[in-house]
file start18.cif (mmCIF, C-alpha atoms)
data_model
#
loop_
_atom_site.label_atom_id
_atom_site.label_comp_id
_atom_site.auth_asym_id
_atom_site.auth_seq_id
_atom_site.Cartn_x
_atom_site.Cartn_y
_atom_site.Cartn_z
CA MET E 185 25.40 -1.34 9.09
CA ILE E 186 23.23 0.25 6.42
CA SER E 187 24.77 2.74 3.99
CA LYS E 188 23.67 6.39 4.10
CA LYS E 189 22.37 6.11 0.54
CA MET E 190 20.25 3.06 1.37
CA GLN E 191 19.08 4.62 4.62
CA THR E 192 17.93 7.77 2.79
CA ALA E 193 16.11 5.71 0.15
CA ILE E 194 14.33 3.61 2.77
CA ASN E 195 13.36 6.72 4.72
CA GLU E 196 11.77 8.00 1.51
CA GLN E 197 9.97 4.67 1.16
CA ILE E 198 8.65 4.96 4.72
CA ASN E 199 7.12 8.29 3.69
CA ALA E 200 5.64 6.71 0.55
CA GLU E 201 4.11 3.87 2.58
CA LEU E 202 2.65 6.32 5.10
CA TYR E 203 1.22 8.34 2.22
CA SER E 204 -0.28 5.13 0.83
CA SER E 205 -1.96 4.46 4.16
CA TYR E 206 -3.28 8.02 4.22
CA LEU E 207 -4.57 7.70 0.64
CA TYR E 208 -6.44 4.46 1.34
CA LEU E 209 -7.90 5.94 4.51
CA SER E 210 -9.17 8.85 2.40
CA MET E 211 -10.70 6.37 -0.03
CA SER E 212 -12.35 4.62 2.91
CA ALA E 213 -13.88 7.93 4.02
CA TYR E 214 -15.14 8.51 0.47
CA TYR E 215 -16.87 5.13 0.41
CA GLN E 216 -18.36 5.79 3.86
CA SER E 217 -19.87 8.99 2.44
CA LEU E 218 -21.52 6.89 -0.29
CA ASN E 219 -22.93 4.47 2.30
CA LEU E 220 -20.80 1.62 0.94
CA PRO E 221 -19.44 0.17 4.18
CA GLY E 222 -17.90 -2.89 2.52
CA PHE E 223 -15.83 -0.77 0.15
CA ALA E 224 -14.92 1.49 3.09
CA ASN E 225 -13.82 -1.59 5.05
CA TRP E 226 -11.67 -2.89 2.18
CA MET E 227 -9.88 0.45 1.91
CA ARG E 228 -9.46 0.74 5.68
CA VAL E 229 -7.84 -2.70 5.77
CA GLN E 230 -5.61 -1.57 2.90
CA ALA E 231 -4.64 1.51 4.93
CA GLN E 232 -3.67 -0.76 7.84
CA GLU E 233 -1.54 -2.92 5.53
CA GLU E 234 0.30 0.12 4.19
CA LEU E 235 0.99 1.34 7.72
CA MET E 236 2.36 -2.11 8.55
CA HIS E 237 4.63 -1.87 5.47
CA ALA E 238 5.96 1.48 6.71
CA MET E 239 6.67 -0.05 10.10
CA LYS E 240 8.53 -3.00 8.53
CA PHE E 241 10.85 -0.51 6.81
CA TYR E 242 11.11 1.54 10.02
CA ASP E 243 12.08 -1.50 12.07
CA TYR E 244 14.55 -2.64 9.41
CA VAL E 245 16.43 0.67 9.39
CA ASN E 246 16.62 0.59 13.19
CA THR E 247 17.80 -3.03 13.20
CA ARG E 248 20.59 -2.13 10.77
CA GLY E 249 21.80 0.71 13.00
CA GLY E 250 20.38 3.43 10.78
CA HIS E 251 18.57 6.65 11.55
CA ILE E 252 14.88 7.28 10.91
CA ASN E 253 14.12 10.65 9.33
CA LEU E 254 10.36 11.12 9.08
CA GLN E 255 9.18 13.72 6.58
CA PRO E 256 5.79 15.46 6.15
CA ILE E 257 3.15 13.38 4.42
CA ASP E 258 1.37 14.97 1.47
CA GLY E 259 -2.41 15.27 1.70
CA PRO E 260 -4.22 12.65 -0.40
CA LYS E 261 -7.03 13.13 -2.86
CA THR E 262 -10.41 13.23 -1.08
CA GLU E 263 -13.05 13.11 -3.84
CA TRP E 264 -13.67 10.75 -6.75
CA SER E 265 -16.13 10.80 -9.63
CA SER E 266 -17.60 7.33 -9.07
CA PRO E 267 -17.36 4.21 -6.91
CA THR E 268 -15.01 2.72 -9.54
CA ALA E 269 -12.56 5.64 -9.56
CA PRO E 270 -10.80 4.95 -6.22
CA PHE E 271 -9.93 1.42 -7.31
CA ALA E 272 -8.59 2.72 -10.63
CA ASP E 273 -6.50 5.26 -8.70
CA GLY E 274 -5.46 2.58 -6.22
CA LEU E 275 -4.23 0.27 -8.97
CA GLU E 276 -2.28 3.12 -10.57
CA HIS E 277 -0.84 4.04 -7.17
CA GLU E 278 0.25 0.44 -6.51
CA GLY E 279 2.09 0.48 -9.84
CA LYS E 280 4.02 3.53 -8.62
CA VAL E 281 4.82 1.81 -5.32
CA THR E 282 6.02 -1.25 -7.24
CA ALA E 283 8.41 1.00 -9.18
CA LEU E 284 9.69 2.48 -5.90
CA ILE E 285 10.31 -1.00 -4.47
CA ASN E 286 12.08 -2.05 -7.67
CA ASN E 287 14.29 1.04 -7.41
CA LEU E 288 15.18 0.06 -3.83
CA VAL E 289 16.13 -3.42 -5.02
CA ASP E 290 18.28 -1.91 -7.76
CA LEU E 291 20.01 0.32 -5.22
CA ALA E 292 20.59 -2.58 -2.82
CA ILE E 293 22.21 -4.56 -5.64
CA LYS E 294 24.32 -1.57 -6.68
CA GLU E 295 25.40 -1.04 -3.06
CA ARG E 296 26.11 -4.79 -2.73
CA ASP E 297 23.78 -4.74 0.29
CA HIS E 298 22.66 -8.36 0.27
CA ALA E 299 20.79 -8.09 3.57
CA THR E 300 18.59 -5.29 2.21
CA ALA E 301 18.10 -7.05 -1.11
CA THR E 302 16.88 -10.12 0.76
CA PHE E 303 14.65 -7.99 3.01
CA LEU E 304 13.10 -6.37 -0.06
CA ASP E 305 12.12 -9.72 -1.60
CA TRP E 306 9.07 -9.75 0.68
CA PHE E 307 7.98 -6.36 -0.68
CA VAL E 308 8.51 -7.41 -4.29
CA ASN E 309 6.16 -10.34 -3.75
CA GLU E 310 3.75 -8.20 -1.75
CA GLN E 311 3.44 -5.72 -4.60
CA VAL E 312 2.39 -8.47 -6.99
CA GLU E 313 -0.42 -9.29 -4.55
CA GLU E 314 -1.32 -5.62 -4.00
CA GLU E 315 -1.72 -4.95 -7.71
CA ALA E 316 -3.65 -8.19 -8.29
CA ASN E 317 -6.10 -7.45 -5.45
CA ALA E 318 -6.89 -3.93 -6.64
CA ASP E 319 -7.15 -5.10 -10.25
CA ALA E 320 -9.57 -7.91 -9.33
CA VAL E 321 -12.03 -5.52 -7.68
CA LEU E 322 -11.61 -2.95 -10.46
CA ARG E 323 -12.42 -5.60 -13.07
CA GLN E 324 -15.58 -6.59 -11.17
CA LEU E 325 -16.65 -2.95 -10.95
CA LYS E 326 -16.11 -2.49 -14.68
CA LEU E 327 -18.14 -5.63 -15.42
CA ILE E 328 -21.17 -4.24 -13.60
CA GLY E 329 -20.70 -0.71 -14.87
CA GLY E 330 -19.88 0.51 -11.36
CA GLU E 331 -23.49 0.73 -10.25
CA GLY E 332 -26.73 -1.08 -9.55
CA ASN E 333 -27.34 -4.26 -7.61
CA GLY E 334 -23.92 -5.60 -8.52
CA LEU E 335 -22.32 -2.72 -6.62
CA PHE E 336 -24.12 -3.79 -3.46
CA MET E 337 -23.15 -7.43 -3.97
CA ILE E 338 -19.49 -6.44 -4.27
CA ASP E 339 -19.92 -4.20 -1.23
CA ARG E 340 -21.07 -7.18 0.84
CA GLU E 341 -18.11 -9.25 -0.37
CA LEU E 342 -15.60 -6.50 0.46
CA ALA E 343 -17.06 -6.18 3.96
CA THR E 344 -15.58 -9.59 4.81
CA ARG E 345 -11.96 -8.49 4.39
CA VAL E 346 -10.02 -8.35 7.65
CA PHE E 347 -6.56 -7.11 8.49
CA VAL E 348 -4.28 -9.95 9.52
CA PRO E 349 -0.87 -8.78 10.65
CA PRO E 350 1.96 -10.99 9.43
CA THR E 351 3.69 -13.24 11.90
CA ALA E 352 6.73 -11.71 13.46
CA THR E 353 9.86 -12.20 11.42
CA PRO E 354 13.32 -10.91 12.13
CA ALA E 355 14.11 -7.65 10.36
#

call {"tool": "encode", "arguments": {"input": "start18.cif", "output": "structure tokens"}}
result
Amino acid sequence: MISKKMQTAINEQINAELYSSYLYLSMSAYYQSLNLPGFANWMRVQAQEELMHAMKFYDYVNTRGGHINLQPIDGPKTEWSSPTAPFADGLEHEGKVTALINNLVDLAIKERDHATATFLDWFVNEQVEEEANADAVLRQLKLIGGEGNGLFMIDRELATRVFVPPTATPA
């Protein structure tokens, strides 16, 4: 059984993950408006990943006999100043999500909830990957100055990203 404190914290994380999905979907729409379909694709795949993260937390709470309490999702930013700006915002956002995950781990340890601490290991590792992926694209964009032919080359590369759901694992 999951503690009320842990349940509340994970419900808050579900909201944060859903917001993340919403934010990346907004970034995808922004890139579509710039006629950068590869960038739009990358962000849309990111939105799908964040939704999958929310569902992993959702399923975990249910598996542990907890109660899901969905809250309103804040509206995300919808405009950026340049093609580089969403990736800078995305990297900053992933840093905030990493802090939220770390806080969940700290709470699980404090609550002596070993099952949740083990469950959260996947998210700790995932956040390392999330930050590295956003940072890699951001660094490329900075190298080319965020414009010109290089922008279109990166766009073509980002168009190849596909969403691959993880294999089913027990919650």

call {"tool": "residues_around", "arguments": {"input": "start18.cif", "residues": "Pro260 (chain E)", "least_positions_apart": "2", "cutoff": "10 Å", "atoms": "only C-alpha atoms", "output": "PDB file with C-alpha atoms, in the frame of the given file"}}
result
ATOM      1  CA  TYR E 203       1.220   8.340   2.220  1.00  0.00           C
ATOM      2  CA  SER E 204      -0.280   5.130   0.830  1.00  0.00           C
ATOM      3  CA  SER E 205      -1.960   4.460   4.160  1.00  0.00           C
ATOM      4  CA  TYR E 206      -3.280   8.020   4.220  1.00  0.00           C
ATOM      5  CA  LEU E 207      -4.570   7.700   0.640  1.00  0.00           C
ATOM      6  CA  TYR E 208      -6.440   4.460   1.340  1.00  0.00           C
ATOM      7  CA  LEU E 209      -7.900   5.940   4.510  1.00  0.00           C
ATOM      8  CA  SER E 210      -9.170   8.850   2.400  1.00  0.00           C
ATOM      9  CA  MET E 211     -10.700   6.370  -0.030  1.00  0.00           C
ATOM     10  CA  ILE E 257       3.150  13.380   4.420  1.00  0.00           C
ATOM     11  CA  ASP E 258       1.370  14.970   1.470  1.00  0.00           C
ATOM     12  CA  THR E 262     -10.410  13.230  -1.080  1.00  0.00           C
ATOM     13  CA  GLU E 263     -13.050  13.110  -3.840  1.00  0.00           C
TER      14      GLU E 263
END

call {"tool": "resolve_selection", "arguments": {"input": "start18.cif", "expression": "the PyMOL selection byres ((chain E and resi 245) around 10)", "output": "PyMOL selection string"}}
result
chain E and resi 185-186+190-192+194-195+239-244+246-252+300+355

call {"tool": "resolve_selection", "arguments": {"input": "start18.cif", "expression": "the PyMOL selection byres ((chain E and resi 307) around 10)", "output": "list in words"}}
result
His237, Lys240, Phe241, Val281, Thr282, Ile285, Asn286, Val289, Thr302, Phe303, Leu304, Asp305, Trp306, Val308, Asn309, Glu310, Gln311, Val312, Glu313 and Glu314 of chain E

call {"tool": "closest_residue", "arguments": {"input": "start18.cif", "among": "E:Ala269, E:Ala292, E:Leu254, E:Leu322", "to": "Tyr215 (chain E)", "atoms": "all atoms listed in the file"}}
result
E:Ala269

call {"tool": "resolve_selection", "arguments": {"input": "start18.cif", "expression": "the PyMOL selection byres ((chain E and resi 344) around 9)", "output": "list in words"}}
result
Gly222, Asn225, Trp226, Arg340, Glu341, Leu342, Ala343, Arg345 and Val346 of chain E
